[in-house]
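S.K.: Handing you this structure, nothing more for now.
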Amino acid sequence: MGKVTFNGTYEYIISVDNLLEAWQEFVRGKRKRRDVQEFERDLMANILALHTDLANKIYQHSAYHAFNISDPKPRDIHKASVRDRLLHHAVYRVLYPFFDKKFITDSYSCRLNKGTHKAMNQFRSYTYRASLNHTKTVWVLKCDIRKFFASIDQHVLVQIIRRYIPNTDIQWLILQIIYSFHSTKKGKGLPLGNLTSQLLVNVYMSKFDRFVKHKLKAKYYIRYADDFIVLSTNKQWLLGLLSSIQQFLSENLCLYLHERKVSIKTFVSGVDFLGWVHFPDHRVLRTIAKRRMFKNLAIKQGNNKTIQSYLGLLWHGNSKILLRKVQNYNGRF
């Protein structure tokens, strides 16, 4: 990120107007939920009370409701109260435009007009360019950060935030959100489930993105959350990057690579990235993702909305047989 600092005001972030607009964004698709209905029943009173607490700097973040999901792998989700999630939206909608302009192009997680499909398409484009239209062998270094969200160092994050947001009131507000949670160790972690966490991890990792692009001179680099890949025709160069990457992550961000999920292999042998196995002329859904898809269809008894969702996913790969199976799903697989 550049050195331009955020010049917005605390007064605008906590304003009733911003809180009301944040509510309209937050409530989409959630009006049937009981906790949302309870908050909305006295909406103006609740918003005014939140605004007053923020104006008087007596706001305190509530405890989280923790639960687990297993899609695609086991994850601990921490859900904040409606009041706190409204504040997260109010903060996010003001800070996101500022920070997003400072992220590198090839960071694809939790950003407008990005996402997994854009990342996969860029990966394919980079393989063509690096291999000179598949006339040269391309090697792919693929890495995964161990326990990503749980390992974020809050002190390091706060230092980064202070560098770009000089306003002490806004700093105070962001600290209330950051310090409202810790994982297994105090001072560590961001909650999976917070809208603000999605932005903050990108702010946290942007220093690493710039290091890989500008210091290591990795021309073909893509990151999606804690997964990232680097492409090159030079395998030895990629091997040489690993120690620099590991050192930078540990010394600057207190993060470590997942050793069992680091690989360097040729693109033609198939590269597993973002749920798909990619080859020069096609990509196929990862086997474990197929099993999970049919398991979910069985659990939801072939719900049409679920079927349409999976059909949309499968259109992005070479999966004609799978498409037909999902289209004609009858409770068996």
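Every chain in the structure tokens takes a letter, A first, then B, and so on in the order presented; its residues are numbered from 1, and the ligands are numbered from 1 following the presented order.
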Just want the 12 Å neighbourhood of Ala119 (chain A), counted on only C-alpha atoms, with same-chain residues fewer than 3 positions away dropped. Output as number ranges by chain.
M.R.: A: 105-111, 113-116, 122-126, 220-225, 227-229, 273-276, 316
S.K.: Find the spatial neighbours of Val203 (chain A), counting only C-alpha atoms, within a cut-off of 10 Å - ignore same-chain residues fewer than 3 positions away - and output them as a ChimeraX atom specification.
M.R.: /A:1,96,99-100,102-103,157,160-161,197-200,206-208
S.K.: Okay, now the selection with N, CA, C and O atoms, as a CSV table (one decimal), in the first residue's frame?
M.R.:
```
chain,number,residue,atom,x,y,z
A,1,MET,N,0.8,-1.2,0.0
A,1,MET,CA,0.0,0.0,0.0
A,1,MET,C,0.9,1.2,0.0
A,1,MET,O,2.0,1.2,0.6
A,96,TYR,N,-13.4,0.2,3.4
A,96,TYR,CA,-13.1,-0.6,2.3
A,96,TYR,C,-12.6,0.1,1.1
A,96,TYR,O,-11.6,-0.2,0.5
A,99,PHE,N,-8.9,1.2,1.5
A,99,PHE,CA,-7.9,0.2,1.4
A,99,PHE,C,-7.8,-0.6,0.1
A,99,PHE,O,-6.8,-1.0,-0.3
A,100,ASP,N,-9.0,-0.8,-0.5
A,100,ASP,CA,-9.0,-1.6,-1.7
A,100,ASP,C,-8.2,-1.0,-2.8
A,100,ASP,O,-7.6,-1.8,-3.6
A,102,LYS,N,-5.4,0.2,-2.5
A,102,LYS,CA,-4.0,0.0,-2.2
A,102,LYS,C,-3.6,-1.4,-2.3
A,102,LYS,O,-2.4,-1.7,-2.2
A,103,PHE,N,-4.5,-2.3,-2.5
A,103,PHE,CA,-4.2,-3.7,-2.6
A,103,PHE,C,-3.7,-4.0,-4.0
A,103,PHE,O,-4.1,-3.3,-5.0
A,157,LEU,N,-1.2,-6.1,13.6
A,157,LEU,CA,-2.3,-5.5,12.8
A,157,LEU,C,-2.6,-4.1,13.3
A,157,LEU,O,-2.8,-3.2,12.4
A,160,ILE,N,-0.1,-1.7,11.8
A,160,ILE,CA,-0.4,-1.4,10.4
A,160,ILE,C,-1.5,-0.4,10.3
A,160,ILE,O,-1.5,0.5,9.5
A,161,ILE,N,-2.6,-0.7,11.0
A,161,ILE,CA,-3.8,0.2,11.0
A,161,ILE,C,-3.4,1.7,11.4
A,161,ILE,O,-3.8,2.6,10.7
A,197,SER,N,-13.3,-8.6,9.5
A,197,SER,CA,-12.1,-9.5,9.5
A,197,SER,C,-11.7,-9.7,8.0
A,197,SER,O,-10.5,-9.9,7.7
A,198,GLN,N,-12.6,-9.8,7.1
A,198,GLN,CA,-12.3,-10.0,5.7
A,198,GLN,C,-11.4,-8.9,5.2
A,198,GLN,O,-10.5,-9.1,4.4
A,199,LEU,N,-11.8,-7.6,5.6
A,199,LEU,CA,-11.0,-6.5,5.2
A,199,LEU,C,-9.6,-6.5,5.9
A,199,LEU,O,-8.6,-6.3,5.3
A,200,LEU,N,-9.6,-6.7,7.2
A,200,LEU,CA,-8.4,-6.6,8.0
A,200,LEU,C,-7.4,-7.6,7.6
A,200,LEU,O,-6.2,-7.3,7.6
A,206,SER,N,-1.3,-7.4,2.8
A,206,SER,CA,-0.9,-6.6,1.7
A,206,SER,C,0.6,-6.3,1.7
A,206,SER,O,1.3,-6.1,0.7
A,207,LYS,N,1.2,-6.3,2.9
A,207,LYS,CA,2.6,-6.1,3.1
A,207,LYS,C,3.4,-7.3,2.4
A,207,LYS,O,4.4,-7.1,1.8
A,208,PHE,N,2.9,-8.5,2.7
A,208,PHE,CA,3.4,-9.7,2.1
A,208,PHE,C,3.3,-9.6,0.5
A,208,PHE,O,4.2,-10.0,-0.2
```
S.K.: What gap, in Å, lies between CA of Glu11 (chain A) and CA of Arg31 (chain A)?
M.R.: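 Separating CA of Glu11 (chain A) from CA of Arg31 (chain A) is a distance of 28.2 Å.
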S.K.: Using only C-alpha atoms, determine which residues lie at most 6 Å from region 231-239 of chain A, disregarding the query and same-chain residues fewer than 2 positions distant; provide the list as a count of residues only.
M.R.: 7
S.K.: Write down as a ChimeraX atom specification the residues of region 118-206 of chain A whose backbone DSSP state falls under helix (DSSP H, G or I).
M.R.: /A:118-130,148-151,154-164,168-178,195-206
S.K.: CA of His182 (chain A) and CA of Phe148 (chain A), how far apart in Å?
M.R.: 13.1 Å
S.K.: Which residues come within 7 Å of Val262 (chain A), counting only C-alpha atoms, excluding same-chain residues fewer than 2 positions away, as JSON, numbers by chain?
M.R.: {"A": [142, 143, 144, 258, 259, 260]}
S.K.: Would you return as a PyMOL selection string the members of region 72-237 of chain A that DSSP assigns to strand (DSSP E) on this structure's backbone?
M.R.: chain A and resi 74-79+139-144+220-224+227-232
S.K.: Which residue gives the smallest distance to His214 (chain A) among A:Ser263, A:Val271, A:Ile104, A:Arg75, with only C-alpha atoms counted?
M.R.: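 That would be A:Ile104, the residue with the smallest distance to His214 (chain A).
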S.K.: In Å, with one decimal, what is the gap from CA of Leu54 (chain A) to CA of Arg93 (chain A)?
M.R.: 16.8 Å
S.K.: In terms of the shortest atom-to-atom distance over only C-alpha atoms, which of A:Arg83, A:Arg210, A:Lys186, A:His61 is closest to Glu40 (chain A)?
M.R.: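 Selected residue with least distance to Glu40 (chain A): A:Arg83.
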S.K.: Go through A:Phe149, A:Tyr10, A:Phe26, A:Tyr128 one by one, measure the shortest atom-to-atom distance of each to His78 (chain A) using only C-alpha atoms, and give the residue with the smallest value.
M.R.: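 Closest to His78 (chain A), using only C-alpha atoms: A:Phe149.
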S.K.: From the list A:Val212, A:Val201, A:Leu195, A:Val284, which residue is nearest Leu87 (chain A) when using only C-alpha atoms?
M.R.: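 Nearest to Leu87 (chain A): A:Leu195.
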S.K.: Pick out the closest residue to Thr196 (chain A) from this set: A:Ala90, A:Met120, A:Thr184, A:Leu141. Count only C-alpha atoms.
M.R.: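 Closest to Thr196 (chain A), using only C-alpha atoms: A:Ala90.
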